[in-house]
Amino acid sequence: VAGALLGSPAGCVAALAVLLCSLAAAQTRRRLLGLAGCALAALLVTGGTWALAEGALPRGLSVTLEGRLTESRVLLWRDAVAIAGERPVLGAGPDRFAALSETVAAAPLSGGKPHSALLQLAAEQGLPGVALLGAAFGWTLVALARSPRPTPVVLTAGASLTLLAALASVGNALSFAQVTVAAGLLAGLATARPLAGSELPARSVAPAKDVRPAP
């Protein structure tokens, strides 16, 4: 509701998707299958983002996505891919994208970022940055798989973090500290172990004694 009132259709759709996933998670007990689906969804979104930036998608699909994402954003992505291709190992350096991007030079109001966490790390930090980003998400899914929390809680958290990863692949979601703090808090709550002694054993009720009146 807040996303709709604030004019954020992506946020509204993401929240609705998490709600639907939580309802479905309440009916399943196989968390590994659900988390595997989260990993596959994240790979499809990030791979599609990179393919669109490379111009590797079919023309019809590419034109449709560019219309949704705006041409300026796709141009920023292509600049990021070009910078990453020139410096694939170490990247151009932190916060160097704005200085090297032709699109940013032509449109200074773009914010100086490629609007994609994946492509920004690839351009500025090279392969190590991309590997660390993927490892962080993968390790979070592993921690959720081993979490002692109930499966519906785990799968709902996994769906939320996957949608955040998708939004971060096509936008600046991770550029806001509030978002990263909330994601860390969500992951912590979904993987935390109960405190020692927090689960008290059920009390046993002694059978009632047969009391007879004295003669």
# chains A, B, ... in the order shown; residues from 1 in each chain; ligands from 1
>>> residues_around(residues="Ala168 in chain A", least_positions_apart="5", cutoff="10 Å", atoms="only C-alpha atoms", output="compact mmCIF listing (two decimals) with C-alpha atoms, in the first residue's frame")
# COMPACT_ATOMS: atom_id res chain seq x y z
CA VAL A 45 17.65 -11.47 -13.59
CA THR A 46 21.38 -10.76 -13.34
CA HIS A 115 21.82 1.91 -11.83
CA SER A 116 22.89 -1.69 -11.36
CA ALA A 117 24.89 -3.06 -8.43
CA LEU A 118 26.24 -5.91 -10.56
CA THR A 162 15.86 -12.43 -3.92
CA LEU A 163 13.53 -9.62 -4.95
CA ALA A 173 18.52 -0.24 -4.35
CA LEU A 174 21.78 -1.07 -2.55
CA SER A 175 22.96 2.54 -2.67
>>> residues_around(residues="Thr191 in chain A", least_positions_apart="5", cutoff="7 Å", atoms="only C-alpha atoms", output="PyMOL selection string")
chain A and resi 143-144+147-149
>>> closest_residue(among="A:Pro128, A:Gly138, A:Gly55, A:Pro152", to="Val74 in chain A", atoms="only C-alpha atoms")
A:Gly55
>>> residues_around(residues="Gly184 in chain A", least_positions_apart="5", cutoff="12 Å", atoms="only C-alpha atoms", output="VMD selection string")
chain A and resid 136 to 137 140 157 160 to 161 164 174 177 to 179 189 to 192
>>> closest_residue(among="A:Leu40, A:Leu195, A:Val63, A:Leu119", to="Asp79 in chain A", atoms="only C-alpha atoms")
A:Leu119
>>> closest_residue(among="A:Ala166, A:Leu121, A:Leu69, A:Val104", to="Ala92 in chain A", atoms="only C-alpha atoms")
A:Leu121
>>> decode(residues="range 37-115 of chain A", atoms="C-alpha atoms", output="PDB file, in the first residue's frame")
ATOM      1  CA  GLY A  37      14.165 -21.375  -7.011  1.00  0.00           C
ATOM      2  CA  CYS A  38      15.375 -18.129  -5.389  1.00  0.00           C
ATOM      3  CA  ALA A  39      18.908 -18.746  -6.652  1.00  0.00           C
ATOM      4  CA  LEU A  40      17.646 -19.514 -10.159  1.00  0.00           C
ATOM      5  CA  ALA A  41      15.501 -16.364 -10.221  1.00  0.00           C
ATOM      6  CA  ALA A  42      18.464 -14.214  -9.152  1.00  0.00           C
ATOM      7  CA  LEU A  43      20.661 -15.773 -11.846  1.00  0.00           C
ATOM      8  CA  LEU A  44      18.035 -15.147 -14.529  1.00  0.00           C
ATOM      9  CA  VAL A  45      17.654 -11.471 -13.593  1.00  0.00           C
ATOM     10  CA  THR A  46      21.379 -10.764 -13.338  1.00  0.00           C
ATOM     11  CA  GLY A  47      22.110 -12.721 -16.512  1.00  0.00           C
ATOM     12  CA  GLY A  48      19.351 -10.898 -18.360  1.00  0.00           C
ATOM     13  CA  THR A  49      20.698  -7.548 -17.169  1.00  0.00           C
ATOM     14  CA  TRP A  50      24.174  -8.351 -18.445  1.00  0.00           C
ATOM     15  CA  ALA A  51      22.824  -9.746 -21.730  1.00  0.00           C
ATOM     16  CA  LEU A  52      20.759  -6.598 -22.324  1.00  0.00           C
ATOM     17  CA  ALA A  53      23.813  -4.435 -21.626  1.00  0.00           C
ATOM     18  CA  GLU A  54      25.853  -6.539 -24.058  1.00  0.00           C
ATOM     19  CA  GLY A  55      23.119  -6.386 -26.708  1.00  0.00           C
ATOM     20  CA  ALA A  56      22.880 -10.186 -26.738  1.00  0.00           C
ATOM     21  CA  LEU A  57      19.084 -10.438 -26.401  1.00  0.00           C
ATOM     22  CA  PRO A  58      16.729 -10.793 -29.394  1.00  0.00           C
ATOM     23  CA  ARG A  59      15.866  -7.422 -30.875  1.00  0.00           C
ATOM     24  CA  GLY A  60      12.167  -7.566 -30.053  1.00  0.00           C
ATOM     25  CA  LEU A  61      12.779  -8.446 -26.423  1.00  0.00           C
ATOM     26  CA  SER A  62      15.590  -5.905 -26.190  1.00  0.00           C
ATOM     27  CA  VAL A  63      13.374  -3.085 -27.508  1.00  0.00           C
ATOM     28  CA  THR A  64      10.603  -4.012 -25.075  1.00  0.00           C
ATOM     29  CA  LEU A  65      12.950  -4.033 -22.077  1.00  0.00           C
ATOM     30  CA  GLU A  66      14.591  -0.779 -23.117  1.00  0.00           C
ATOM     31  CA  GLY A  67      11.165   0.825 -23.264  1.00  0.00           C
ATOM     32  CA  ARG A  68      10.462  -0.324 -19.711  1.00  0.00           C
ATOM     33  CA  LEU A  69      13.863   0.531 -18.287  1.00  0.00           C
ATOM     34  CA  THR A  70      14.435   3.725 -20.340  1.00  0.00           C
ATOM     35  CA  GLU A  71      17.126   4.171 -22.969  1.00  0.00           C
ATOM     36  CA  SER A  72      19.383   6.259 -20.696  1.00  0.00           C
ATOM     37  CA  ARG A  73      19.651   3.446 -18.159  1.00  0.00           C
ATOM     38  CA  VAL A  74      20.543   0.909 -20.815  1.00  0.00           C
ATOM     39  CA  LEU A  75      23.231   3.287 -22.128  1.00  0.00           C
ATOM     40  CA  LEU A  76      24.679   3.513 -18.614  1.00  0.00           C
ATOM     41  CA  TRP A  77      24.739  -0.287 -18.457  1.00  0.00           C
ATOM     42  CA  ARG A  78      26.577  -0.464 -21.766  1.00  0.00           C
ATOM     43  CA  ASP A  79      29.153   2.032 -20.516  1.00  0.00           C
ATOM     44  CA  ALA A  80      29.673  -0.140 -17.430  1.00  0.00           C
ATOM     45  CA  VAL A  81      30.141  -3.266 -19.549  1.00  0.00           C
ATOM     46  CA  ALA A  82      32.626  -1.427 -21.768  1.00  0.00           C
ATOM     47  CA  ILE A  83      34.643  -0.245 -18.755  1.00  0.00           C
ATOM     48  CA  ALA A  84      34.582  -3.755 -17.289  1.00  0.00           C
ATOM     49  CA  GLY A  85      35.812  -5.152 -20.616  1.00  0.00           C
ATOM     50  CA  GLU A  86      38.779  -2.787 -20.587  1.00  0.00           C
ATOM     51  CA  ARG A  87      39.708  -3.553 -16.963  1.00  0.00           C
ATOM     52  CA  PRO A  88      38.219  -6.983 -16.189  1.00  0.00           C
ATOM     53  CA  VAL A  89      40.479  -7.974 -13.291  1.00  0.00           C
ATOM     54  CA  LEU A  90      40.701  -4.968 -10.999  1.00  0.00           C
ATOM     55  CA  GLY A  91      38.181  -2.587 -12.526  1.00  0.00           C
ATOM     56  CA  ALA A  92      38.523   1.170 -12.888  1.00  0.00           C
ATOM     57  CA  GLY A  93      38.517   1.825  -9.140  1.00  0.00           C
ATOM     58  CA  PRO A  94      35.816   2.816  -6.626  1.00  0.00           C
ATOM     59  CA  ASP A  95      33.580   5.699  -7.727  1.00  0.00           C
ATOM     60  CA  ARG A  96      35.380   5.976 -11.076  1.00  0.00           C
ATOM     61  CA  PHE A  97      32.384   5.110 -13.234  1.00  0.00           C
ATOM     62  CA  ALA A  98      31.117   8.694 -13.427  1.00  0.00           C
ATOM     63  CA  ALA A  99      34.492   9.942 -14.655  1.00  0.00           C
ATOM     64  CA  LEU A 100      34.721   7.322 -17.435  1.00  0.00           C
ATOM     65  CA  SER A 101      31.128   7.064 -18.622  1.00  0.00           C
ATOM     66  CA  GLU A 102      30.225   8.981 -21.774  1.00  0.00           C
ATOM     67  CA  THR A 103      26.538   8.831 -20.862  1.00  0.00           C
ATOM     68  CA  VAL A 104      27.177  10.476 -17.491  1.00  0.00           C
ATOM     69  CA  ALA A 105      29.236  13.190 -19.185  1.00  0.00           C
ATOM     70  CA  ALA A 106      26.359  13.906 -21.581  1.00  0.00           C
ATOM     71  CA  ALA A 107      23.705  13.769 -18.828  1.00  0.00           C
ATOM     72  CA  PRO A 108      25.202  14.903 -15.485  1.00  0.00           C
ATOM     73  CA  LEU A 109      21.812  14.527 -13.751  1.00  0.00           C
ATOM     74  CA  SER A 110      21.997  10.719 -14.069  1.00  0.00           C
ATOM     75  CA  GLY A 111      23.595  10.515 -10.623  1.00  0.00           C
ATOM     76  CA  GLY A 112      26.934   9.146 -11.744  1.00  0.00           C
ATOM     77  CA  LYS A 113      25.933   5.510 -11.211  1.00  0.00           C
ATOM     78  CA  PRO A 114      25.025   2.779 -13.718  1.00  0.00           C
ATOM     79  CA  HIS A 115      21.816   1.913 -11.832  1.00  0.00           C
TER      80      HIS A 115
END
